[in-house]
file structure35.cif (mmCIF, C-alpha atoms)
data_final
loop_
_atom_site.label_atom_id
_atom_site.label_comp_id
_atom_site.auth_asym_id
_atom_site.auth_seq_id
_atom_site.Cartn_x
_atom_site.Cartn_y
_atom_site.Cartn_z
CA MET A 1 -1.40 -3.75 6.02
CA VAL A 2 -2.74 -1.14 8.33
CA SER A 3 -6.29 -1.68 7.17
CA ASN A 4 -8.25 -2.76 4.17
CA GLN A 5 -10.62 0.17 4.46
CA ALA A 6 -10.27 3.12 2.16
CA GLY A 7 -7.77 5.58 3.56
CA PHE A 8 -8.48 8.12 0.83
CA THR A 9 -11.03 10.87 0.69
CA LYS A 10 -13.08 11.47 -2.39
CA LYS A 11 -10.81 14.38 -3.32
CA ASP A 12 -7.73 12.12 -3.27
CA TYR A 13 -9.50 9.74 -5.59
CA SER A 14 -10.54 12.30 -8.17
CA VAL A 15 -6.91 13.41 -8.32
CA THR A 16 -5.61 9.87 -8.57
CA LEU A 17 -8.29 8.83 -11.01
CA GLY A 18 -7.89 12.02 -13.05
CA PHE A 19 -8.09 10.71 -16.56
CA GLY A 20 -10.62 7.94 -16.02
CA PHE A 21 -13.03 10.20 -14.17
CA LYS A 22 -12.99 12.89 -16.82
CA GLU A 23 -13.71 10.40 -19.56
CA THR A 24 -16.66 8.97 -17.70
CA SER A 25 -18.29 12.28 -16.86
CA SER A 26 -18.07 13.57 -20.42
CA LYS A 27 -19.82 10.44 -21.67
CA THR A 28 -22.72 10.89 -19.29
CA GLY A 29 -23.18 14.53 -20.26
CA SER A 30 -21.99 15.65 -16.78
CA VAL A 31 -25.31 15.56 -14.98
CA SER A 32 -24.01 16.11 -11.47
CA ASP A 33 -26.06 13.40 -9.73
CA THR A 34 -25.07 10.79 -12.26
CA ALA A 35 -21.47 11.96 -12.06
CA GLU A 36 -21.56 11.60 -8.29
CA THR A 37 -22.77 8.02 -8.58
CA GLN A 38 -20.18 7.34 -11.24
CA ILE A 39 -17.47 8.63 -8.95
CA ASP A 40 -18.72 6.44 -6.12
CA VAL A 41 -18.70 3.39 -8.37
CA LEU A 42 -15.20 4.24 -9.58
CA ILE A 43 -13.98 4.74 -6.05
CA SER A 44 -15.28 1.42 -4.89
CA THR A 45 -13.88 -0.32 -7.99
CA PHE A 46 -10.54 1.43 -7.55
CA ASP A 47 -10.50 0.35 -3.92
CA ARG A 48 -11.43 -3.22 -4.74
CA ILE A 49 -8.66 -3.43 -7.32
CA VAL A 50 -6.02 -2.03 -4.99
CA ASN A 51 -7.10 -4.44 -2.25
CA ALA A 52 -7.11 -7.28 -4.77
CA GLY A 53 -3.55 -6.30 -5.72
CA PHE A 54 -2.60 -6.64 -2.06
CA GLU A 55 -4.24 -10.09 -1.78
CA CYS A 56 -2.56 -11.34 -4.96
CA LEU A 57 0.88 -10.13 -3.90
CA ALA A 58 0.41 -11.80 -0.54
CA LYS A 59 -0.54 -15.06 -2.23
CA TYR A 60 1.70 -15.22 -5.30
CA GLY A 61 4.48 -12.64 -4.87
CA TYR A 62 5.28 -10.04 -7.52
CA ALA A 63 6.42 -12.01 -10.59
CA LYS A 64 3.62 -14.55 -10.48
CA THR A 65 0.82 -12.02 -10.04
CA SER A 66 -0.89 -11.25 -13.36
CA MET A 67 -3.48 -8.64 -14.28
CA ASP A 68 -5.89 -11.54 -14.77
CA ASP A 69 -5.33 -12.68 -11.19
CA ILE A 70 -6.06 -9.18 -9.94
CA ALA A 71 -9.18 -8.86 -12.11
CA LYS A 72 -10.46 -12.18 -10.81
CA GLU A 73 -9.71 -11.27 -7.19
CA ALA A 74 -11.38 -7.85 -7.61
CA LYS A 75 -14.31 -9.44 -9.46
CA CYS A 76 -14.09 -6.95 -12.30
CA SER A 77 -13.39 -7.17 -16.03
CA ARG A 78 -9.98 -6.77 -17.60
CA ALA A 79 -11.35 -3.76 -19.48
CA THR A 80 -12.23 -2.00 -16.23
CA LEU A 81 -8.87 -2.92 -14.77
CA TYR A 82 -6.96 -1.44 -17.70
CA ARG A 83 -9.17 1.64 -17.84
CA LEU A 84 -8.31 2.52 -14.25
CA PHE A 85 -4.71 1.28 -14.42
CA PRO A 86 -3.55 1.62 -18.03
CA ASN A 87 0.06 0.91 -17.08
CA GLY A 88 -0.62 -2.48 -15.57
CA LYS A 89 0.23 -4.07 -12.26
CA ASP A 90 3.09 -1.72 -11.37
CA GLU A 91 0.58 1.10 -11.34
CA ILE A 92 -1.70 -0.86 -9.02
CA ILE A 93 1.24 -1.56 -6.75
CA SER A 94 2.15 2.14 -6.71
CA SER A 95 -1.36 2.94 -5.51
CA LEU A 96 -1.07 0.18 -2.96
CA VAL A 97 2.23 1.52 -1.64
CA GLU A 98 0.84 5.04 -1.57
CA LYS A 99 -2.23 3.92 0.37
CA GLY A 100 -0.13 1.83 2.76
CA THR A 101 2.19 4.76 3.41
CA THR A 102 -0.68 7.20 3.91
CA ASP A 103 -2.39 4.81 6.33
CA LEU A 104 0.83 4.23 8.25
CA PHE A 105 1.51 7.93 8.73
CA ILE A 106 -2.10 8.58 9.74
CA GLU A 107 -1.75 5.85 12.37
CA LEU A 108 1.61 7.21 13.57
CA GLU A 109 0.25 10.73 13.79
CA SER A 110 -2.73 9.62 15.86
CA ILE A 111 -0.26 8.00 18.26
CA THR A 112 2.21 10.85 18.71
CA LYS A 113 -0.45 13.59 18.83
CA SER A 114 -1.59 12.67 22.32
CA LEU A 115 1.79 12.00 23.89
CA ALA A 116 3.75 14.30 26.19
CA ASP A 117 7.18 12.72 26.03
CA LEU A 118 9.30 12.94 22.87
CA ASN A 119 11.31 9.78 23.61
CA GLU A 120 8.11 7.84 24.05
CA ALA A 121 6.76 9.20 20.77
CA ILE A 122 9.94 8.23 18.91
CA ALA A 123 9.98 4.74 20.43
CA LEU A 124 6.35 4.13 19.50
CA VAL A 125 6.90 5.39 15.97
CA LEU A 126 9.80 2.95 15.55
CA LEU A 127 7.85 0.08 17.11
CA VAL A 128 4.68 0.60 15.08
CA ALA A 129 6.48 1.26 11.79
CA ALA A 130 8.61 -1.87 12.19
CA LYS A 131 5.55 -3.88 13.21
CA GLU A 132 3.51 -2.73 10.21
CA LEU A 133 6.32 -3.45 7.75
CA ASN A 134 7.15 -6.83 9.25
CA GLY A 135 3.48 -7.73 9.48
CA ASN A 136 2.61 -6.67 5.94
CA ILE A 137 2.02 -10.07 4.34
CA ALA A 138 2.17 -8.74 0.78
CA LEU A 139 5.49 -6.97 1.37
CA GLN A 140 6.97 -9.98 3.15
CA LYS A 141 5.87 -12.35 0.39
CA VAL A 142 7.47 -10.15 -2.27
CA ILE A 143 10.70 -9.84 -0.26
CA GLN A 144 10.75 -13.63 0.01
CA CYS A 145 9.80 -14.49 -3.60
CA ASP A 146 11.09 -11.56 -5.62
CA PRO A 147 13.96 -9.85 -3.76
CA GLU A 148 15.24 -8.54 -7.11
CA TYR A 149 12.04 -6.50 -7.41
CA ILE A 150 12.25 -4.96 -3.92
CA LEU A 151 15.98 -4.35 -3.61
CA PRO A 152 16.37 -1.67 -6.29
CA ASN A 153 13.85 0.38 -4.34
CA LEU A 154 15.88 0.28 -1.16
CA VAL A 155 19.23 1.57 -2.41
CA PHE A 156 20.81 4.56 -4.10
CA GLU A 157 18.49 7.23 -5.56
CA ASN A 158 15.32 5.24 -4.92
CA MET A 159 16.16 5.03 -1.25
CA ASP A 160 16.92 8.76 -1.25
CA THR A 161 13.40 9.30 -2.57
CA ILE A 162 11.94 7.06 0.15
CA LEU A 163 13.86 8.95 2.84
CA LEU A 164 12.77 12.37 1.59
CA THR A 165 9.16 11.32 1.03
CA ALA A 166 8.92 9.73 4.46
CA ALA A 167 10.49 12.80 6.07
CA GLU A 168 7.92 15.00 4.35
CA SER A 169 4.96 12.71 5.17
CA GLY A 170 6.02 12.48 8.78
CA SER A 171 7.07 16.07 9.32
CA SER A 172 4.12 16.74 11.62
CA LEU A 173 4.69 13.64 13.78
CA PHE A 174 6.91 15.54 16.18
CA GLU A 175 5.51 19.05 15.87
CA ASN A 176 4.66 19.12 19.58
CA TRP A 177 8.38 19.10 20.36
CA LEU A 178 10.44 20.18 17.35
CA ASN A 179 10.44 22.80 14.63
CA ARG A 180 9.90 21.73 11.04
CA GLU A 181 13.58 21.54 10.08
CA LEU A 182 14.39 19.28 13.03
CA SER A 183 11.26 17.19 12.46
CA LEU A 184 12.27 16.51 8.86
CA LYS A 185 15.77 15.46 9.91
CA LEU A 186 14.45 13.27 12.71
CA THR A 187 11.86 11.49 10.55
CA GLU A 188 14.47 10.87 7.86
CA TRP A 189 16.80 9.46 10.51
CA LEU A 190 14.11 7.17 11.93
CA THR A 191 13.16 5.94 8.46
CA ARG A 192 16.79 5.04 7.82
CA ILE A 193 16.95 3.17 11.13
CA VAL A 194 13.73 1.21 10.60
CA LEU A 195 14.69 0.22 7.07
CA THR A 196 18.24 -0.88 7.90
CA TYR A 197 17.15 -2.91 10.91
CA ILE A 198 14.21 -4.63 9.26
CA SER A 199 16.00 -5.31 5.98
CA SER A 200 18.78 -7.17 7.78
CA PRO A 201 17.46 -7.96 11.24
CA LYS A 202 20.43 -10.00 12.39
CA GLY A 203 21.64 -7.65 15.05
CA GLN A 204 21.68 -6.49 18.60
CA ILE A 205 18.55 -4.41 18.73
CA LYS A 206 15.20 -6.16 18.76
CA PHE A 207 12.70 -3.98 16.98
CA ASN A 208 9.69 -5.85 18.28
CA ASP A 209 10.36 -5.13 21.93
CA TYR A 210 9.16 -1.76 23.25
CA GLU A 211 11.56 -1.66 26.23
CA ALA A 212 14.53 -2.44 23.96
CA ILE A 213 13.47 0.34 21.61
CA ARG A 214 13.10 2.78 24.52
CA ASP A 215 16.68 2.04 25.54
CA PHE A 216 17.82 2.42 21.95
CA VAL A 217 16.11 5.83 21.68
CA LYS A 218 17.57 7.02 24.97
CA THR A 219 21.08 5.90 24.01
CA PHE A 220 21.33 6.77 20.33
CA ILE A 221 18.67 9.30 19.43
CA GLU A 222 18.00 11.56 22.42
CA PRO A 223 21.59 12.88 22.65
CA GLY A 224 21.57 13.58 18.91
CA ILE A 225 18.35 15.58 19.16
CA GLN A 226 19.79 17.60 22.05
CA LEU A 227 22.75 18.49 19.84
CA MET A 228 20.55 19.25 16.85
CA LYS A 229 18.61 21.71 19.00
CA LEU A 230 21.83 23.43 20.02
CA ASN A 231 23.02 23.75 16.46
CA PRO A 232 22.53 27.34 15.29
CA ARG A 233 22.04 26.32 11.66
CA SER A 234 18.95 24.28 12.34
CA GLN A 235 17.57 26.90 14.75
CA ASN A 236 17.70 29.59 12.09
CA GLN A 237 15.64 27.67 9.59
CA MET B 1 49.52 0.02 4.53
CA LYS B 2 48.91 -3.36 6.06
CA ARG B 3 46.42 -5.42 4.09
CA LEU B 4 43.15 -5.94 5.82
CA SER B 5 41.60 -9.17 4.71
CA VAL B 6 38.02 -8.86 3.51
CA GLY B 7 36.71 -12.23 2.43
CA SER B 8 38.99 -14.23 0.19
CA ALA B 9 42.74 -14.53 0.55
CA VAL B 10 45.25 -12.26 -1.18
CA PRO B 11 44.82 -13.10 -4.85
CA ASN B 12 47.68 -14.42 -6.96
CA ASP B 13 48.54 -12.94 -10.33
CA THR B 14 46.46 -15.13 -12.66
CA LYS B 15 43.44 -14.76 -10.44
CA THR B 16 43.88 -10.99 -10.33
CA LYS B 17 44.26 -10.96 -14.10
CA ILE B 18 41.01 -12.89 -14.53
CA LEU B 19 39.14 -10.64 -12.09
CA ARG B 20 40.38 -7.51 -13.86
CA GLY B 21 39.55 -8.97 -17.27
CA ALA B 22 36.06 -9.88 -16.08
CA LEU B 23 35.46 -6.38 -14.70
CA ASP B 24 36.66 -4.91 -17.97
CA LEU B 25 34.27 -7.14 -19.89
CA ILE B 26 31.38 -6.33 -17.55
CA SER B 27 31.95 -2.65 -18.27
CA LYS B 28 31.34 -3.43 -21.95
CA VAL B 29 28.64 -6.12 -22.05
CA GLY B 30 27.06 -5.92 -18.61
CA ILE B 31 26.29 -8.85 -16.33
CA SER B 32 23.60 -10.94 -17.99
CA LYS B 33 25.49 -11.25 -21.29
CA LEU B 34 28.79 -12.12 -19.62
CA THR B 35 30.09 -15.61 -20.41
CA VAL B 36 33.06 -17.55 -19.08
CA GLU B 37 34.23 -18.09 -22.68
CA GLU B 38 34.46 -14.40 -23.38
CA VAL B 39 36.21 -13.70 -20.07
CA ALA B 40 38.74 -16.40 -21.05
CA LEU B 41 39.26 -14.79 -24.45
CA ASN B 42 39.50 -11.33 -22.95
CA CYS B 43 42.13 -12.44 -20.41
CA ASP B 44 44.01 -14.65 -22.81
CA VAL B 45 43.66 -17.75 -20.63
CA SER B 46 41.85 -21.04 -21.21
CA ARG B 47 38.37 -21.79 -19.93
CA MET B 48 39.94 -24.53 -17.83
CA THR B 49 42.10 -21.97 -16.06
CA ILE B 50 39.06 -19.91 -15.17
CA TYR B 51 37.24 -22.96 -13.81
CA ARG B 52 40.34 -23.88 -11.81
CA TYR B 53 40.12 -20.56 -9.94
CA PHE B 54 36.35 -20.27 -10.05
CA PRO B 55 34.97 -23.82 -9.97
CA LYS B 56 31.36 -22.59 -9.80
CA GLY B 57 31.78 -20.61 -13.00
CA LYS B 58 30.14 -17.29 -13.83
CA ASP B 59 28.28 -16.74 -10.55
CA GLN B 60 31.41 -17.24 -8.50
CA LEU B 61 33.42 -15.07 -10.86
CA LEU B 62 30.85 -12.28 -10.52
CA SER B 63 30.65 -12.45 -6.75
CA GLU B 64 34.44 -12.40 -6.52
CA VAL B 65 34.67 -9.42 -8.86
CA ILE B 66 32.25 -7.59 -6.58
CA ALA B 67 34.13 -8.69 -3.48
CA ALA B 68 37.43 -7.53 -5.00
CA GLU B 69 35.97 -4.13 -5.89
CA ALA B 70 34.44 -3.75 -2.42
CA PHE B 71 37.78 -4.75 -0.92
CA GLU B 72 39.59 -2.12 -2.92
CA TRP B 73 37.00 0.49 -1.98
CA LEU B 74 37.42 -0.32 1.73
CA GLU B 75 41.20 -0.45 1.44
CA GLN B 76 41.37 2.99 -0.17
CA LEU B 77 38.95 4.24 2.46
CA MET B 78 41.07 2.89 5.33
CA GLU B 79 44.15 4.45 3.82
CA HIS B 80 42.34 7.75 3.34
CA VAL B 81 41.24 7.97 6.99
CA SER B 82 44.42 6.55 8.53
CA CYS B 83 45.90 10.04 9.04
CA TYR B 84 43.09 11.22 11.31
CA ASP B 85 43.45 10.48 14.97
CA ASN B 86 39.98 11.24 16.25
CA PHE B 87 36.88 9.31 15.39
CA GLU B 88 34.85 12.34 14.35
CA ASP B 89 37.34 13.23 11.61
CA VAL B 90 37.59 9.59 10.54
CA ALA B 91 33.81 9.47 10.14
CA VAL B 92 33.51 12.87 8.42
CA TYR B 93 36.32 12.42 5.89
CA GLY B 94 35.57 8.72 5.50
CA LEU B 95 31.93 9.40 4.55
CA MET B 96 32.88 12.11 2.06
CA PHE B 97 35.57 9.97 0.47
CA ALA B 98 33.49 6.79 0.34
CA ARG B 99 30.58 8.60 -1.31
CA ARG B 100 32.84 10.26 -3.88
CA LYS B 101 34.45 6.93 -4.77
CA LEU B 102 31.07 5.26 -5.13
CA LEU B 103 29.82 7.93 -7.53
CA GLU B 104 33.05 7.71 -9.51
CA HIS B 105 32.85 3.95 -9.99
CA ARG B 106 32.09 3.82 -13.69
CA VAL B 107 31.22 0.12 -13.99
CA LEU B 108 29.08 0.06 -10.85
CA ASN B 109 27.04 3.02 -12.03
CA LYS B 110 26.63 1.66 -15.52
CA ILE B 111 25.30 -1.65 -14.19
CA LEU B 112 23.04 0.07 -11.68
CA GLU B 113 21.64 2.09 -14.55
CA GLU B 114 21.20 -0.76 -17.01
CA GLU B 115 20.60 -4.00 -15.12
CA PRO B 116 20.17 -3.33 -11.40
CA GLU B 117 18.22 -6.57 -10.94
CA ALA B 118 21.31 -8.59 -11.92
CA LEU B 119 23.60 -6.81 -9.48
CA LEU B 120 21.59 -5.91 -6.41
CA PRO B 121 21.04 -9.34 -4.83
CA MET B 122 24.81 -9.90 -4.92
CA LEU B 123 25.46 -6.40 -3.72
CA THR B 124 23.24 -7.06 -0.70
CA ILE B 125 25.33 -10.06 0.31
CA GLU B 126 28.39 -7.88 -0.14
CA ALA B 127 26.76 -5.13 1.94
CA ASN B 128 26.46 -7.52 4.88
CA ARG B 129 30.18 -8.26 4.63
CA ILE B 130 30.97 -4.57 4.41
CA ILE B 131 28.84 -3.88 7.48
CA ALA B 132 30.69 -6.67 9.31
CA PHE B 133 34.01 -5.14 8.27
CA ILE B 134 33.08 -1.57 9.31
CA HIS B 135 31.64 -3.00 12.53
CA LEU B 136 35.02 -4.57 13.37
CA TYR B 137 36.86 -1.41 12.43
CA VAL B 138 34.58 0.71 14.61
CA VAL B 139 35.10 -1.66 17.55
CA THR B 140 38.86 -1.12 17.28
CA GLN B 141 38.28 2.64 17.13
CA LEU B 142 36.05 2.49 20.19
CA PHE B 143 38.92 1.03 22.21
CA LYS B 144 40.62 4.42 21.84
CA VAL B 145 37.78 6.40 23.39
CA LYS B 146 36.54 5.91 26.88
CA LEU B 147 33.16 4.32 26.49
CA SER B 148 30.73 5.14 29.26
CA GLU B 149 29.70 2.17 31.35
CA ASN B 150 26.12 1.89 30.20
CA LEU B 151 27.17 1.45 26.56
CA ASN B 152 27.70 -1.86 24.85
CA ALA B 153 30.61 -1.46 22.38
CA ASP B 154 29.21 -4.08 20.07
CA GLU B 155 25.80 -2.45 19.89
CA VAL B 156 27.34 0.98 19.27
CA ALA B 157 29.59 -0.44 16.55
CA GLU B 158 26.70 -2.18 14.85
CA TYR B 159 24.59 0.96 14.88
CA LEU B 160 27.45 3.04 13.46
CA ALA B 161 28.30 0.48 10.78
CA ARG B 162 24.69 0.35 9.58
CA MET B 163 24.31 4.13 9.59
CA LEU B 164 27.65 4.74 7.84
CA LEU B 165 26.89 2.37 4.99
CA SER B 166 23.28 3.56 4.68
CA VAL B 167 24.33 7.21 4.43
CA VAL B 168 27.08 6.48 1.89
CA ILE B 169 24.68 4.58 -0.37
CA SER B 170 21.71 6.94 0.05
CA PRO B 171 22.54 10.25 1.74
CA GLY B 172 18.89 11.41 1.64
CA SER B 173 18.82 15.12 2.46
CA TRP B 174 22.48 15.29 3.47
CA ASP B 175 24.98 16.77 1.02
CA LEU B 176 28.11 14.66 1.45
CA THR B 177 30.26 17.12 -0.49
CA GLN B 178 29.84 19.81 2.22
CA GLU B 179 32.17 19.23 5.14
CA ALA B 180 30.18 21.37 7.60
CA GLU B 181 27.02 19.46 6.81
CA VAL B 182 28.70 16.06 7.13
CA ARG B 183 30.20 17.14 10.45
CA LEU B 184 26.76 18.11 11.73
CA LEU B 185 25.40 14.72 10.65
CA VAL B 186 28.28 12.86 12.30
CA ARG B 187 28.01 14.82 15.54
CA THR B 188 24.25 14.48 15.91
CA GLN B 189 23.22 11.14 14.40
CA PHE B 190 26.44 9.16 14.78
CA LEU B 191 28.58 10.22 17.67
CA ALA B 192 26.26 11.98 20.12
CA VAL B 193 25.92 8.54 21.71
CA LEU B 194 29.57 8.71 22.80
CA ASN B 195 29.44 12.15 24.42
CA PRO B 196 25.83 12.86 25.27
CA PRO B 197 25.23 16.54 26.08
CA GLU B 198 23.86 17.47 29.49
CA PRO B 199 20.07 17.14 29.43
CA SER B 200 18.56 20.59 28.92
#
call {"tool": "encode", "arguments": {"input": "structure35.cif", "output": "structure tokens"}}
result
Amino acid sequence: MVSNQAGFTKKDYSVTLGFGFKETSSKTGSVSDTAETQIDVLISTFDRIVNAGFECLAKYGYAKTSMDDIAKEAKCSRATLYRLFPNGKDEIISSLVEKGTTDLFIELESITKSLADLNEAIALVLLVAAKELNGNIALQKVIQCDPEYILPNLVFENMDTILLTAAESGSSLFENWLNRELSLKLTEWLTRIVLTYISSPKGQIKFNDYEAIRDFVKTFIEPGIQLMKLNPRSQNQ
Amino acid sequence: MKRLSVGSAVPNDTKTKILRGALDLISKVGISKLTVEEVALNCDVSRMTIYRYFPKGKDQLLSEVIAAEAFEWLEQLMEHVSCYDNFEDVAVYGLMFARRKLLEHRVLNKILEEEPEALLPMLTIEANRIIAFIHLYVVTQLFKVKLSENLNADEVAEYLARMLLSVVISPGSWDLTQEAEVRLLVRTQFLAVLNPPEPS
């Protein structure tokens, strides 16, 4: 996990919490100060639950994690848990994945923003993304204990969704060098590469070694980007 | 066309009959409800016969059905691309054909829809074999082009095999029914490594 700190702003939370927040404020007669406090409490509870979800997955895997485990870990009641996540643990995991993804792209963006060389930016993005995914103890535990839960997400339409979402989330990673159309294609390409190499790592390229990744980028990706730039179709858009 | 061996040996008639019967049954009842008894009934052979060919029972039968289907998919693909003499065309028409065949596979799509959790772990094992097969095929193709000295044929082949399979299974933003688009994908993300443009 990139961090256990909240990666969300208050605005993100009120959107995510939508239903629960509205219900609370109407009960308290929407006095703004009280509502503010209520939101803060909800945010910290929401955060605690999501973090507890992470801890439980890391300890027990997916199948063996129950809502009770998460409630215990988050030190909150089952009622609170179900009020914030009426659809159960899958909903908590969705929030967890969303937070992890947001954090990862924030980290990647802070890295590429200050760089001058595109190849270096690409290599660091690959290195850090692979490192975060390999080092995510909850993800690794679930891959190990419940592959049948993870796999459906990594193939066919679900993988298409991951590719498109990642491309969109990372479209500003390379804005110093490429237009939007090329950025989207490049981020999609890199996502595909990271996921294929970390999901079956038996191969030639070592994704934990910066020099090896630099060579990989120079050999496989740089020439492709040169050609993409020359292509009239992508220049027009 | 010469048979390329993927996994198990060329099946004999009874074995083929059982595999076909099992696939037919899977298309009706799915994977979790499949039993060796019903496959035997469906193929008009005894349970003993099935265990003679598939000593480990249902799991082995399933994994061999998948292997046989993957084999047929690859065989049709090889035949489809055998008329093209340059690698770019092989990749372009191969990707389009492989994707079309995958979407047309009625049983595969039904199972993916209804019980993906029963199929995907086995499909992943199969995917590794398919990557190994494409890898080998690409290596033989690379012999035909002059590979620049700084390139390692094995590394290039592995990269291409992974990318080809990944794109066929999940094309992302690429429309694999549009030849011009597939050609752009192949030129930029697959084959630019072989003929890098002059640095601008």
call {"tool": "closest_atom_pairs", "arguments": {"input": "structure35.cif", "of": "chain B", "to": "chain A", "cutoff": "7 Å", "atoms": "all atoms listed in the file", "output": "JSON lines"}}
result
{"residue": "B:Pro116", "atom": "CA", "partner": "A:Pro152", "partner_atom": "CA", "distance": 6.6}
{"residue": "B:Glu117", "atom": "CA", "partner": "A:Glu148", "partner_atom": "CA", "distance": 5.2}
{"residue": "B:Leu120", "atom": "CA", "partner": "A:Leu151", "partner_atom": "CA", "distance": 6.5}
{"residue": "B:Pro121", "atom": "CA", "partner": "A:Glu148", "partner_atom": "CA", "distance": 6.3}
{"residue": "B:Glu155", "atom": "CA", "partner": "A:Gln204", "partner_atom": "CA", "distance": 5.9}
{"residue": "B:Arg162", "atom": "CA", "partner": "A:Thr196", "partner_atom": "CA", "distance": 6.8}
{"residue": "B:Ile169", "atom": "CA", "partner": "A:Phe156", "partner_atom": "CA", "distance": 5.4}
{"residue": "B:Ser170", "atom": "CA", "partner": "A:Phe156", "partner_atom": "CA", "distance": 4.9}
{"residue": "B:Pro171", "atom": "CA", "partner": "A:Asp160", "partner_atom": "CA", "distance": 6.5}
{"residue": "B:Gly172", "atom": "CA", "partner": "A:Asp160", "partner_atom": "CA", "distance": 4.4}
{"residue": "B:Ser173", "atom": "CA", "partner": "A:Leu164", "partner_atom": "CA", "distance": 6.7}
{"residue": "B:Thr188", "atom": "CA", "partner": "A:Gly224", "partner_atom": "CA", "distance": 4.1}
{"residue": "B:Gln189", "atom": "CA", "partner": "A:Gly224", "partner_atom": "CA", "distance": 5.4}
{"residue": "B:Ala192", "atom": "CA", "partner": "A:Gly224", "partner_atom": "CA", "distance": 5.1}
{"residue": "B:Val193", "atom": "CA", "partner": "A:Phe220", "partner_atom": "CA", "distance": 5.1}
{"residue": "B:Pro196", "atom": "CA", "partner": "A:Pro223", "partner_atom": "CA", "distance": 5.0}
{"residue": "B:Pro197", "atom": "CA", "partner": "A:Pro223", "partner_atom": "CA", "distance": 6.2}
call {"tool": "atom_distance", "arguments": {"input": "structure35.cif", "atom1": "CA of Val194 in chain A", "atom2": "CA of Ala130 in chain A"}}
result
6.2 Å
call {"tool": "residues_near_point", "arguments": {"input": "structure35.cif", "point": "(30.1, 16.7, 4.8)", "cutoff": "12 Å", "atoms": "only C-alpha atoms", "output": "CSV table (one decimal) with C-alpha atoms, in the coordinates of the input"}}
result
chain,number,residue,atom,x,y,z
B,88,GLU,CA,34.8,12.3,14.4
B,89,ASP,CA,37.3,13.2,11.6
B,90,VAL,CA,37.6,9.6,10.5
B,91,ALA,CA,33.8,9.5,10.1
B,92,VAL,CA,33.5,12.9,8.4
B,93,TYR,CA,36.3,12.4,5.9
B,94,GLY,CA,35.6,8.7,5.5
B,95,LEU,CA,31.9,9.4,4.6
B,96,MET,CA,32.9,12.1,2.1
B,97,PHE,CA,35.6,10.0,0.5
B,98,ALA,CA,33.5,6.8,0.3
B,99,ARG,CA,30.6,8.6,-1.3
B,100,ARG,CA,32.8,10.3,-3.9
B,167,VAL,CA,24.3,7.2,4.4
B,168,VAL,CA,27.1,6.5,1.9
B,171,PRO,CA,22.5,10.2,1.7
B,173,SER,CA,18.8,15.1,2.5
B,174,TRP,CA,22.5,15.3,3.5
B,175,ASP,CA,25.0,16.8,1.0
B,176,LEU,CA,28.1,14.7,1.4
B,177,THR,CA,30.3,17.1,-0.5
B,178,GLN,CA,29.8,19.8,2.2
B,179,GLU,CA,32.2,19.2,5.1
B,180,ALA,CA,30.2,21.4,7.6
B,181,GLU,CA,27.0,19.5,6.8
B,182,VAL,CA,28.7,16.1,7.1
B,183,ARG,CA,30.2,17.1,10.4
B,184,LEU,CA,26.8,18.1,11.7
B,185,LEU,CA,25.4,14.7,10.6
B,186,VAL,CA,28.3,12.9,12.3
B,187,ARG,CA,28.0,14.8,15.5
call {"tool": "residues_around", "arguments": {"input": "structure35.cif", "residues": "Tyr51 in chain B", "least_positions_apart": "4", "cutoff": "10 Å", "atoms": "all atoms listed in the file", "output": "ChimeraX atom specification"}}
result
/B:36,40,46-47,55-58,60-61
call {"tool": "atom_distance", "arguments": {"input": "structure35.cif", "atom1": "CA of Val156 in chain B", "atom2": "CA of Leu104 in chain A"}}
result
28.9 Å
call {"tool": "axis_aligned_box", "arguments": {"input": "structure35.cif", "around": "range 150-154 of chain B", "padding_each_side": "8 Å", "output": "AutoDock Vina command-line options"}}
result
--center_x 28.4 --center_y -1.1 --center_z 25.1 --size_x 20.5 --size_y 22.0 --size_z 26.1
call {"tool": "resolve_selection", "arguments": {"input": "structure35.cif", "expression": "the PyMOL selection byres ((chain B and resi 128-136) around 6)", "output": "list of chain:residue names"}}
result
B:Ile125, B:Glu126, B:Ala127, B:Tyr137, B:Val138, B:Val139, B:Ala157, B:Glu158, B:Ala161
call {"tool": "resolve_selection", "arguments": {"input": "structure35.cif", "expression": "the PyMOL selection byres ((chain B and resi 29-34) around 9)", "output": "list of chain:residue names"}}
result
B:Ala22, B:Leu25, B:Ile26, B:Ser27, B:Lys28, B:Thr35, B:Val36, B:Glu37, B:Glu38, B:Val39, B:Lys58, B:Leu62, B:Val107, B:Lys110, B:Ile111, B:Glu114, B:Glu115, B:Ala118, B:Leu119
call {"tool": "write_last_selection", "arguments": {"input": "structure35.cif", "atoms": "C-alpha atoms", "output": "compact mmCIF listing (two decimals), in the frame of the given file"}}
result
# COMPACT_ATOMS: atom_id res chain seq x y z
CA ALA B 22 36.06 -9.88 -16.08
CA LEU B 25 34.27 -7.14 -19.89
CA ILE B 26 31.38 -6.33 -17.55
CA SER B 27 31.95 -2.65 -18.27
CA LYS B 28 31.34 -3.43 -21.95
CA THR B 35 30.09 -15.61 -20.41
CA VAL B 36 33.06 -17.55 -19.08
CA GLU B 37 34.23 -18.09 -22.68
CA GLU B 38 34.46 -14.40 -23.38
CA VAL B 39 36.21 -13.70 -20.07
CA LYS B 58 30.14 -17.29 -13.83
CA LEU B 62 30.85 -12.28 -10.52
CA VAL B 107 31.22 0.12 -13.99
CA LYS B 110 26.63 1.66 -15.52
CA ILE B 111 25.30 -1.65 -14.19
CA GLU B 114 21.20 -0.76 -17.01
CA GLU B 115 20.60 -4.00 -15.12
CA ALA B 118 21.31 -8.59 -11.92
CA LEU B 119 23.60 -6.81 -9.48
